[in-house]
Amino acid sequence: MTVVVIGGGIVGLSSAYELAARGVDVVVCEGGSIGSGSTERSAGGIRAQFSTPVNVDLSLESMRVWNAFEERFGTDIDYRRPGYLFLARTEETAAGFDEAVTMQNDRGVPSEVLTPEEASEHCPGIDPEQFVAATYAPTDGFADPHLALQGYARAAADAGVDVRTKTPVVDVIREESGARDDEESRRVVGVETSEGRLDADYVVNAAGPWASEVAALADVSLPIVPKRRQIAVAQPETPVPASDPLTIDLESGSYFRPERDGDALVGGHLGASDAAADPDAYARSMDFEWSVDALETVSEWTTY
């Protein structure tokens with residue numbers, strides 16, 4: 001069996017490795033360099049606090065991988081688990097906390113609903129008077145996406161994966177699979193790349209923000225819309241403890257988490273508009289006005 005994986009980020013390389021480890025011949029086609037899309041711009045968050053069962057279940061499976069990553073691949077990904085802390089300023093925002101936490105608990109996530117004072121025990125730098133409730137799970141955390149990618153890249157190479165960078169896929173090839181001459185009867189049999197055709201029994205779409213474009217090559221509509229997000233590394237006057245959770249103010253959309261040496265990684269979508277972005281043509285540098293806004297917003301609900 002031969003599988004072509006489109007996309008050389010963390011999703012593509014992890015998929016390629018797992019397939020190759022099971023005896024599949026795998027070719028990865030990456031239009032740029034390894035990890036040059038969403039992976040190298042990731043904040044590295046790993047959490048199971050989601051509001052839908054499918055997201056919780058998927059995250060729990062992922063956490064099993066991250067928990068055993070260093071043992072399996074010999075790569076320290078700087079995986080830290082100080083938790084995630086979600087903060088609500090209004091009763092309306094907090095209304096779904098009990099139901100979500102009950103669902104998470106039923107699936108094995110040790111999350112809990114907290115009062116603002118209890119939340120400040122996990123993150124002493126927040127101002128509890130600004131909030132009405134919170135949720136927290138001690139098993140959530142974050143890792144270094146670059147280290148994780150390197151670990152998967154080495155493992156994939158050792159497993160025999162053929163990784164082809166600067167090899168964009170320009171078409172997905174389909175052939176008739178039955179007597180019917182319609183779109184539903186046509187199966188994918190390979191891809192056309194900038195270097196020529198690759199036949200495959202299956203094609204995995206791991207193209208991240210380009211996933212809908214890749215799907216369209218096979219006449220499939222995929223509801224994935226790329227959005228631009230920004231993060232900044234701040235050096236607060238009071239160092240942020242490494243034990244602080246990744247903490248999110250749900251109303252403002254701002255968040256922070258500890259980085260190294262007391263620094264903080266600050267991010268969030270703060271504007272009202274949220275237009276789709278072109279993954280081939282967007283500003284890759286941080287907007288100065290956004291950084292000022294983000295830092296001021298976070299400083300309003302923290303004491304750092």
# chains A, B, ... in the order shown; residues from 1 in each chain; ligands from 1
call {"tool": "residues_around", "arguments": {"residues": "Ala16 of chain A", "least_positions_apart": "2", "cutoff": "7 Å", "atoms": "only C-alpha atoms", "output": "NGL selection string"}}
result
:A and (5 or 12-14 or 18-20 or 26 or 156 or 161)
call {"tool": "select_by_dssp", "arguments": {"residues": "segment 115-254 of chain A", "states": "alpha helix (DSSP H)", "output": "list of chain:residue names"}}
result
A:Pro116, A:Glu117, A:Glu118, A:Ala119, A:Ser120, A:Glu121, A:His122, A:Pro145, A:His146, A:Leu147, A:Ala148, A:Leu149, A:Gln150, A:Gly151, A:Tyr152, A:Ala153, A:Arg154, A:Ala155, A:Ala156, A:Ala157, A:Asp158, A:Ala211, A:Ser212, A:Glu213, A:Val214, A:Ala215, A:Ala216, A:Leu217
call {"tool": "residues_around", "arguments": {"residues": "Ala232 of chain A", "least_positions_apart": "6", "cutoff": "8 Å", "atoms": "only C-alpha atoms", "output": "MDAnalysis selection string"}}
result
chainID A and resid 265:267 286 291
call {"tool": "residues_around", "arguments": {"residues": "segment 194-205 of chain A", "least_positions_apart": "4", "cutoff": "6 Å", "atoms": "only C-alpha atoms", "output": "ChimeraX atom specification"}}
result
/A:2-6,167-168,189-190
call {"tool": "residues_around", "arguments": {"residues": "Leu58 of chain A", "least_positions_apart": "5", "cutoff": "9 Å", "atoms": "only C-alpha atoms", "output": "compact mmCIF listing (two decimals) with C-alpha atoms, in the first residue's frame"}}
result
# COMPACT_ATOMS: atom_id res chain seq x y z
CA ALA A 48 -8.72 18.48 26.84
CA PRO A 53 -17.21 15.21 23.12
CA MET A 63 -2.19 13.55 25.13
call {"tool": "select_by_dssp", "arguments": {"residues": "segment 67-184 of chain A", "states": "strand (DSSP E)", "output": "PyMOL selection string"}}
result
chain A and resi 84-88+112-114+133-137+141-142+162-164+169-176
call {"tool": "closest_residue", "arguments": {"among": "A:Phe86, A:Phe256, A:Trp210, A:Phe73", "to": "Phe142 of chain A", "atoms": "only C-alpha atoms"}}
result
A:Phe256
call {"tool": "closest_residue", "arguments": {"among": "A:Tyr136, A:Val169, A:Ser42, A:Ala148", "to": "Val65 of chain A", "atoms": "only C-alpha atoms"}}
result
A:Ala148
call {"tool": "closest_residue", "arguments": {"among": "A:Lys227, A:Ala234, A:Gly96, A:Asp171", "to": "Ser38 of chain A", "atoms": "only C-alpha atoms"}}
result
A:Lys227
call {"tool": "closest_residue", "arguments": {"among": "A:Ile126, A:Ile224, A:Ala276, A:Leu85", "to": "Tyr304 of chain A", "atoms": "only C-alpha atoms"}}
result
A:Ile126
call {"tool": "residues_around", "arguments": {"residues": "Leu149 of chain A", "least_positions_apart": "3", "cutoff": "10 Å", "atoms": "only C-alpha atoms", "output": "PyMOL selection string"}}
result
chain A and resi 8-14+34-35+39-40+75+77+144-146+152-155
call {"tool": "closest_residue", "arguments": {"among": "A:Cys123, A:Val191, A:Ile173, A:Ile248", "to": "Thr297 of chain A", "atoms": "only C-alpha atoms"}}
result
A:Ile248
call {"tool": "residues_around", "arguments": {"residues": "Asp278 of chain A", "least_positions_apart": "6", "cutoff": "12 Å", "atoms": "only C-alpha atoms", "output": "ChimeraX atom specification"}}
result
/A:209-210,212-213,225-228,284
call {"tool": "closest_residue", "arguments": {"among": "A:Thr193, A:Ser273, A:Ser254, A:Ser15", "to": "Cys29 of chain A", "atoms": "only C-alpha atoms"}}
result
A:Thr193
